[in-house]
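Student: A single structure is presented below for examination.
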There are 4 protein chains.
Amino acid sequence: MKLTKLLPLIAILAAGAGQAQVQNRIEIPDINGYKTLQCDFHIHTVFSDGLVWPTVRVDEAYREGLDAIAITDHLEYRPHSKDIVASYNRSFEIAESAAKKEGIILIRGSEVTRSMPPGHLNAIFLSDCDALVKDDWRAALAEAKRQNAFIFWNHPGWDAQQPDTTLWWKEHTEIYDNGWMNGIEVVNEHSYYDDVFQWALDKKLTLMGNSDIHEPIQTDINFAIGEHRATTLVFAKERTAEAIREALDNRRTAVFHKEFLIGEEQYLRPIFENSFEIIDMAKGNNQVTVTFLNKSGLTFYLKKTAHDKNVVYFRDFEIKPHCKYSISIRFKGDNDGKVNFEVTNLLVKPGKGLECSYSLK
Amino acid sequence: MKLTKLLPLIAILAAGAGQAQVQNRIEIPDINGYKTLQCDFHIHTVFSDGLVWPTVRVDEAYREGLDAIAITDHLEYRPHSKDIVASYNRSFEIAESAAKKEGIILIRGSEVTRSMPPGHLNAIFLSDCDALVKDDWRAALAEAKRQNAFIFWNHPGWDAQQPDTTLWWKEHTEIYDNGWMNGIEVVNEHSYYDDVFQWALDKKLTLMGNSDIHEPIQTDINFAIGEHRATTLVFAKERTAEAIREALDNRRTAVFHKEFLIGEEQYLRPIFENSFEIIDMAKGNNQVTVTFLNKSGLTFYLKKTAHDKNVVYFRDFEIKPHCKYSISIRFKGDNDGKVNFEVTNLLVKPGKGLECSYSLK
Amino acid sequence: MKLTKLLPLIAILAAGAGQAQVQNRIEIPDINGYKTLQCDFHIHTVFSDGLVWPTVRVDEAYREGLDAIAITDHLEYRPHSKDIVASYNRSFEIAESAAKKEGIILIRGSEVTRSMPPGHLNAIFLSDCDALVKDDWRAALAEAKRQNAFIFWNHPGWDAQQPDTTLWWKEHTEIYDNGWMNGIEVVNEHSYYDDVFQWALDKKLTLMGNSDIHEPIQTDINFAIGEHRATTLVFAKERTAEAIREALDNRRTAVFHKEFLIGEEQYLRPIFENSFEIIDMAKGNNQVTVTFLNKSGLTFYLKKTAHDKNVVYFRDFEIKPHCKYSISIRFKGDNDGKVNFEVTNLLVKPGKGLECSYSLK
Amino acid sequence: MKLTKLLPLIAILAAGAGQAQVQNRIEIPDINGYKTLQCDFHIHTVFSDGLVWPTVRVDEAYREGLDAIAITDHLEYRPHSKDIVASYNRSFEIAESAAKKEGIILIRGSEVTRSMPPGHLNAIFLSDCDALVKDDWRAALAEAKRQNAFIFWNHPGWDAQQPDTTLWWKEHTEIYDNGWMNGIEVVNEHSYYDDVFQWALDKKLTLMGNSDIHEPIQTDINFAIGEHRATTLVFAKERTAEAIREALDNRRTAVFHKEFLIGEEQYLRPIFENSFEIIDMAKGNNQVTVTFLNKSGLTFYLKKTAHDKNVVYFRDFEIKPHCKYSISIRFKGDNDGKVNFEVTNLLVKPGKGLECSYSLK
């Protein structure tokens with residue numbers, strides 16, 4: 001059949017009514033003069049073992065209000081290769097114009113996919129994925145570095161490779177010493193690894209949290225009940241690929257996973273504090289009633305910590321997204337003393353929430 | 001038991017953590033220099049045959065982002081009177097401080113509740129509900145008018161009173177001629193009466209649409225699937241009770257019912273047009289592609305009408321709330337001619353949608 | 001890189017925890033001794049212009065509780081062909097083992113994709129899709145018939161091919177006369193064509209309604225708010241591919257589209273009647289109160305029709321899925337006379353609902 | 001106004017179309033020859049400080065598929081008493097006919113409402129609530145016992161009465177020794193008290209978990225995202241009030257709270273095991289793949305515990321309601337050894353999940 005006969009047909013097929021796209025971004029405040037960008041740096045398509053066409057990943061990102069994504073198809077694992085024959089750069093290339101149209105920052109990447117050790121590592125900000133196809137993983141990572149990639153270790157605690165414990169192998173020391181490991185996934189898909197969080201703090205690795213999505217996103221994430229994919233929050237000077245890279249290089253990230261934020265106190269404290277607007281503070285006889293609005297899309301769990309016994313307040317308190325609350329703090333005596341609590345779902349260390357102390361005097 | 005012993009207990013019971021309240025207002029644009037206020041002027045509580053305490057009605061209104069409500073308990077029908085003994089002003093009085101706190105405009109009202117004719121009428125902006133308790137409905141309405149109430153006929157097509165047809169009785173002519181009927185419910189609860197819409201247009205009655213809610217609102221309205229209560233949209237000079245009254249007196253209303261807006265073209269056209277932001281208009285060879293965002297929480301159904309056959313575009317088009325679309329209009333010849341359609345869910349007359357015609361030249 | 005080195009890796013990747021799959025079938029009763037099978041005979045994958053891998057279509061069908069699907073990739077329109085090089089049978093072959101595992105009946109098909117006339121036609125129950133690749137559409141359809149396919153005309157009213165009116169071209173008469181058109185889509189994706197419904201009744205074509213899905217299904221269908229894809233209900237002797245074919249050949253189908261069922265009265269009436277369980281019928285003084293349960297996942301809209309004026313009952317009544325209701329019918333005089341109504345969303349002809357009349361004596 | 005004139009009106013108002021009621025029961029399996037009844041024994045109405053009419057509580061229970069409820073309005077705290085003047089038995093009496101109609105077991109109760117100590121206690125299975133109105137709480141509890149009530153301590157850890165720690169006062173020892181405390185709330189509303197769980201195990205108190213609902217239930221519980229109220233699961237010989245009482249007296253209960261079940265191992269283990277249907281067990285070379293369905297509406301979180309290192313399986317596994325899964329267990333050597341895990345959300349002791357060990361040989 002001659003192609004020319006088909007051209008009018010293609011035009012007709014493309015002329016249909018536009019697809020509806022609604023944007024539901026989870027509001028997370030900017031902090032410290034930086035923009036808080038919501039990013040997912042670990043995503044698959046049919047070009048490796050994912051199940052969707054690359055443009056779908058851009059549409060998903062648009063609907064969730066993400067700022068940036070990296071498509072990181074496996075280099076060494078391409079189960080669809082009988083039918084799909086293409087450069088390792090193709091998933092990026094196909095998604096590129098959709099990303100531009102939707103205003104999504106698209107970052108070129110690949111997943112170096114090996115048995116443990118060293119397991120899987122993502123290289124992002126690549127210029128040519130094909131050049132990373134090497135028998136030797138050391139050669140692949142060296143090539144990534146040569147392209148000035150940002151490299152991070154994926155899902156160190158994935159049970160398919162680490163069935164019982166999360167291990168830092170000697171190969172990871174080698175990678176780390178070579179400057180081939182800049183970040184590490186503290187969260188991958190639905191799993192958080194608290195030992196990896198401690199490694200990241202100790203070794204000054206950039207904290208990463210990503211979806212590693214293979215399915216259509218709605219199959220894994222039930223948005224209707226408020227679920228969201230794991231994302232890396234990047235505190236960037238502006239909303240550009242370059243600014244994201246600068247922030248990653250300087251470890252200005254946190255991880256957003258289920259109802260948790262995981263990151264350093266210098267980032268989580270301002271996120272907590274910038275989330276609120278005080279609507280009213282009514283000071284009465286031995287009592288203060290605070291009315292406030294959680295402007296963010298985040299939930300906060302507050303748990304009372306050691307405190308002056310003259311201050312009487314909640315033992316536990318759950319603050320839901322975009323909700324308004326009035327809470328009363330009573331004082332046995334003067335309206336003095338501090339309200340102390342831990343925000344248990346803002347993890348500043350493994351198992352340790354953000355400590356807060358406020359005076360209502 | 002002595003009351004003084006209970007006072008500390010009451011204080012303790014009130015000291016609990018504040019109730020979460022999240023506000024989900026459906027966005028509807030302001031028009032013609034007026035604010036578009038979302039109001040429900042027909043609501044019941046346990047003080048007549050409703051099933052909730054009056055403050056619940058204020059909380060519901062807050063969560064839905066309503067601007068104003070009138071609690072309008074029945075005067076002549078109080079099935080809970082064995083247990084609840086109170087003035088007809090009580091449901092208003094109880095809700096008043098909650099309304100002030102939540103920023104809801106609360107309007108005092110009563111429902112005159114008679115067999116047909118004349119059926120049920122709401123009197124709002126009353127100063128004393130008790131004074132309306134009269135054997136004779138004419139006396140009740142006259143008293144309402146004496147208090148300078150705004151009076152409207154409720155659910156003229158309610159099948160419990162009008163099982164087969166909607167009728168305008170001679171008593172309604174009498175009421176109308178006396179100036180005792182200022183508005184009429186074109187929509188009550190889940191029902192729209194298209195013959196009543198025509199009456200309202202002909203007789204210059206203010207269009208009203210209200211929930212007539214008796215149950216907790218969530219029992220009747222499934223917000224999770226996007227349902228909303230019937231409301232009267234009031235185009236007011238400002239967000240005050242006085243401005244609402246001025247707008248009602250001048251018939252500046254429309255009715256929001258399921259996916260429909262019902263009202264005069266002078267109000268529905270600017271609502272339609274103010275709902276959109278044009279993001280891009282790409283003019284190509286015999287084709288224009290328009291990318292636009294529906295900024296409102298409204299759905300619009302577009303249906304092609306008679307048009308220049310040189311312009312090729314959609315036959316039907318559904319625009320969902322807060323969605324972005326790209327549509328292509330093709331031209332056989334010059335990029336000329338108009339795109340004509342009817343917005344079938346914006347009713348400017350019974351059975352007649354808003355006619356639109358746009359040139360993309 | 002040698003493949004053998006990769007094999008252990010592949011095994012590891014496949015060893016992950018099993019994907020959750022929850023089945024939400026919409027309950028529709030069996031009728032007339034037949035099983036009511038829910039089928040979608042028009043589906044795309046990345047092998048033509050769809051956006052998902054073929055196995056995704058099986059998972060989607062499983063989750064929705066469908067009984068059978070046909071993957072019907074375009075023959076003449078393969079925009080991914082730069083990267084995907086494969087037989088036209090591949091999408092079927094890839095999905096086959098998943099379908100077997102999930103208990104979904106998978107039917108081999110292709111979409112003959114031409115400009116209008118004749119537009120697009122689906123051939124299902126094919127044995128070899130590749131043999132249909134022909135320059136001449138007549139040759140393609142003849143080959144489909146040679147393979148004993150069931151052929152139906154897709155979306156006759158699609159505005160990209162029929163911008164203003166739905167037309168039956170002379171080519172369709174030719175196709176019909178040749179026995180190359182056995183069914184016709186009365187519903188495609190989100191559109192219902194009432195003129196096509198009349199054609200189907202007049203010409204004895206099997207009624208078809210399908211999703212024509214290209215995106216991941218959740219992108220087009222919002223299951224969280226109760227939406228469902230368009231399906232063809234097949235009244236089959238058993239749940240097998242052969243029984244489906246027998247039912248299609250004998251026109252035992254109806255179409256399920258939004259809240260509508262579209263089909264012949266002989267099928268819609270028993271669906272309506274088998275949906276209910278009468279829980280209680282309390283006969284009082286001039287009144288009967290019926291309590292019943294809608295056991296089905298269908299909604300029914302009842303509208304009063306001409307009736308004996310001595311019987312007093314609802315003007316309109318909405319029956320929601322799986323809901324229990326009590327309705328009272330009053331009699332002015334004896335408990336006699338019939339309750340007459342039209343089920344307006346069960347279309348037995350274009351614009352004509354199912355007429356019902358029940359005596360409660 | 002004469003009442004007789006109103007009677008026809010009342011009949012008309014009651015003649016409207018029946019309210020839709022859909023039943024969404026969370027499936028929890030029966031165990032050990034007992035029926036698993038879902039009950040809420042702590043509920044308020046407008047007759048104390050609740051915000052709904054008593055019949056609403058029955059409708060709520062019906063929609064959630066509960067088997068039994070007790071309305072337990074406060075005796076000493078009636079903030080609506082200016083308007084509502086009634087016997088303490090009224091909320092029960094008003095709800096009674098609705099309960100009978102909806103098939104809900106309604107139990108008469110009252111909440112003895114005092115400052116701490118002793119705080120609040122519920123007495124259920126009362127015959128006359130009014131008789132419990134006494135200045136002295138000891139007299140109130142003695143009267144409850146005289147009426148053969150089942151009495152339990154409510155929310156021992158409620159921060160309004162116990163701002164910092166949960167305490168067992170000497171008064172509770174007195175109550176316990178007098179036989180006036182038969183059960184205790186391990187869960188109240190949204191709070192679980194793990195120290196109270198230990199008390200209940202040590203002192204052989206019946207485990208209770210209740211909603212303590214004051215608002216319309218949908219205001220506190222977001223059913224659309226899968227939330228449910230706290231309930232007491234009662235393992236009863238049959239679905240009757242008497243059988244519930246017998247089960248409570250014999251401590252055959254567990255508590256269902258968010259995603260947790262809290263109870264003794266003898267009840268939680270069969271709930272876990274009866275929740276599953278094994279669909280397929282495929283034994284391969286050093287591998288077993290199990291396909292199973294979670295038939296229940298419960299979620300289960302599995303966490304690997306100490307095990308034979310030759311058995312390779314998941315570290316963590318989440319089993320969602322009504323979902324099907326396939327999981328592969330690999331063996332280094334023979335298909336032998338046990339799969340050991342803890343179901344971390346089935347608490348058999350404070351902080352201790354249900355231990356499981358299964359052989360797949």
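Order determines the names: the first chain of the structure tokens is A, the second B, and so forth; residues in each chain are numbered 1 upward, and ligands are numbered 1 upward as they are shown.
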Taking the chain letters and numbering used in this document, name the residues of stretch 4-208 of chain D that DSSP puts in helix (DSSP H, G or I), as JSON, numbers by chain.
Tutor: {"D": [4, 5, 6, 7, 8, 9, 10, 11, 12, 13, 14, 54, 55, 56, 57, 58, 59, 60, 61, 62, 63, 64, 90, 91, 92, 93, 94, 95, 96, 97, 98, 99, 100, 101, 102, 129, 130, 131, 132, 137, 138, 139, 140, 141, 142, 143, 144, 145, 146, 170, 171, 172, 173, 174, 175, 176, 177, 194, 195, 196, 197, 198, 199, 200, 201, 202, 203]}
Student: Within 10 Å of D:Trp168, counting only C-alpha atoms, which residues qualify if same-chain residues fewer than 6 places away don't, as an MDAnalysis selection string?
Tutor: chainID D and resid 117:118 156:157 196 199
Student: Please, could you write that set of residues out with N, CA and C atoms as a compact mmCIF listing (two decimals), in the first residue's frame?
Tutor:
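The file below, part.txt, is the result:
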```
# COMPACT_ATOMS: atom_id res chain seq x y z
N PRO D 117 -11.57 11.15 88.14
CA PRO D 117 -12.22 9.86 87.98
C PRO D 117 -13.70 9.94 88.31
N PRO D 118 -14.51 9.02 87.80
CA PRO D 118 -14.11 7.87 86.98
C PRO D 118 -14.21 8.14 85.49
N PRO D 156 -10.52 5.70 77.93
CA PRO D 156 -9.71 5.98 79.12
C PRO D 156 -8.55 6.94 78.82
N GLY D 157 -8.16 7.02 77.55
CA GLY D 157 -7.03 7.90 77.24
C GLY D 157 -7.43 9.22 76.59
N VAL D 196 -4.31 0.54 77.33
CA VAL D 196 -5.63 0.02 77.69
C VAL D 196 -5.81 -1.41 77.16
N TRP D 199 -4.30 -3.60 79.70
CA TRP D 199 -5.20 -3.71 80.86
C TRP D 199 -6.31 -4.72 80.59
```
Student: Considering only C-alpha atoms, extract the chain B residues located within 10 Å of chain C and return them as a ChimeraX atom specification.
Tutor: /B:157-160,162-165,190-191,222-227,304-307,309,311-316,318
Student: Please identify all polymer residues within 10 Å of B:Glu27, counting only C-alpha atoms, omitting same-chain residues fewer than 5 positions from it, and present them as a list in words.
Tutor: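 Once the adjacent positions are removed, what remains is Thr36, Gln38, Gly65, Ser275, Lys295, Ser296, Gly297, Leu298, Pro321 and His322 of chain B.
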Student: For the residues in the current selection, export N, CA, C and O atoms as a short mmCIF file (atom, residue, chain, number, x, y, z; two decimals), in the first residue's frame.
Tutor:
```cif
data_model
loop_
_atom_site.label_atom_id
_atom_site.label_comp_id
_atom_site.auth_asym_id
_atom_site.auth_seq_id
_atom_site.Cartn_x
_atom_site.Cartn_y
_atom_site.Cartn_z
N THR B 36 -20.57 36.55 42.00
CA THR B 36 -21.49 35.42 41.86
C THR B 36 -21.52 34.67 43.19
O THR B 36 -20.60 33.93 43.51
N GLN B 38 -23.07 31.93 45.86
CA GLN B 38 -23.75 30.64 45.81
C GLN B 38 -24.58 30.49 47.08
O GLN B 38 -24.04 30.46 48.18
N GLY B 65 -18.43 25.74 50.46
CA GLY B 65 -18.04 27.07 49.99
C GLY B 65 -19.22 27.95 49.63
O GLY B 65 -19.08 28.88 48.82
N SER B 275 -15.56 31.72 31.90
CA SER B 275 -15.03 30.46 32.40
C SER B 275 -13.74 30.05 31.71
O SER B 275 -13.02 29.18 32.18
N LYS B 295 -11.49 27.29 33.43
CA LYS B 295 -11.07 27.65 34.79
C LYS B 295 -12.17 27.38 35.81
O LYS B 295 -11.91 27.40 37.01
N SER B 296 -13.37 27.17 35.34
CA SER B 296 -14.49 27.03 36.27
C SER B 296 -14.70 25.58 36.70
O SER B 296 -14.11 24.65 36.14
N GLY B 297 -15.56 25.41 37.68
CA GLY B 297 -15.96 24.08 38.12
C GLY B 297 -17.18 23.57 37.39
O GLY B 297 -17.80 22.60 37.82
N LEU B 298 -17.53 24.20 36.30
CA LEU B 298 -18.72 23.85 35.54
C LEU B 298 -18.37 22.95 34.36
O LEU B 298 -17.28 23.04 33.80
N PRO B 321 -14.83 20.31 34.05
CA PRO B 321 -14.32 21.35 34.95
C PRO B 321 -12.79 21.33 35.04
O PRO B 321 -12.19 20.26 35.12
N HIS B 322 -12.19 22.50 34.99
CA HIS B 322 -10.76 22.67 35.24
C HIS B 322 -9.91 21.86 34.27
O HIS B 322 -8.77 21.52 34.60
#
```
Student: List as a PyMOL selection string the protein and nucleic acid residues near D:Glu246, meaning an atom at most 10 Å away when only C-alpha atoms are counted, but skip any in the same chain fewer than 6 places from it.
Tutor: chain D and resi 234-237+240+252
Student: Take the selection from the previous step and output its residues with C-alpha atoms, as a JSON list (two decimals), in the first residue's frame.
Tutor:
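result.json written:
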```json
[["chain", "number", "residue", "atom", "x", "y", "z"],
["D", 234, "VAL", "CA", -18.78, -9.58, 68.19],
["D", 235, "PHE", "CA", -18.45, -13.33, 67.59],
["D", 236, "ALA", "CA", -22.01, -14.39, 68.34],
["D", 237, "LYS", "CA", -23.98, -17.60, 68.08],
["D", 240, "THR", "CA", -29.75, -11.34, 67.90],
["D", 252, "ARG", "CA", -15.74, -12.89, 72.31]]
```
Student: Can you pull out every residue within 10 Å of A:Asn188, counting only C-alpha atoms, but drop anything in the same chain fewer than 5 positions away, and send it as JSON, numbers by chain?
Tutor: {"A": [42, 154, 155, 156, 157, 158, 193, 208, 209, 210, 211, 212, 213, 229, 230, 231, 257]}
Student: Can you pull out every residue from stretch 77-280 of chain B that DSSP, working from the backbone, puts in strand (DSSP E), and format the result as a PyMOL selection string?
Tutor: chain B and resi 105-113+120-124+150-153+183-188+191-192+206-210+231-236+253-257+260-262+276-280
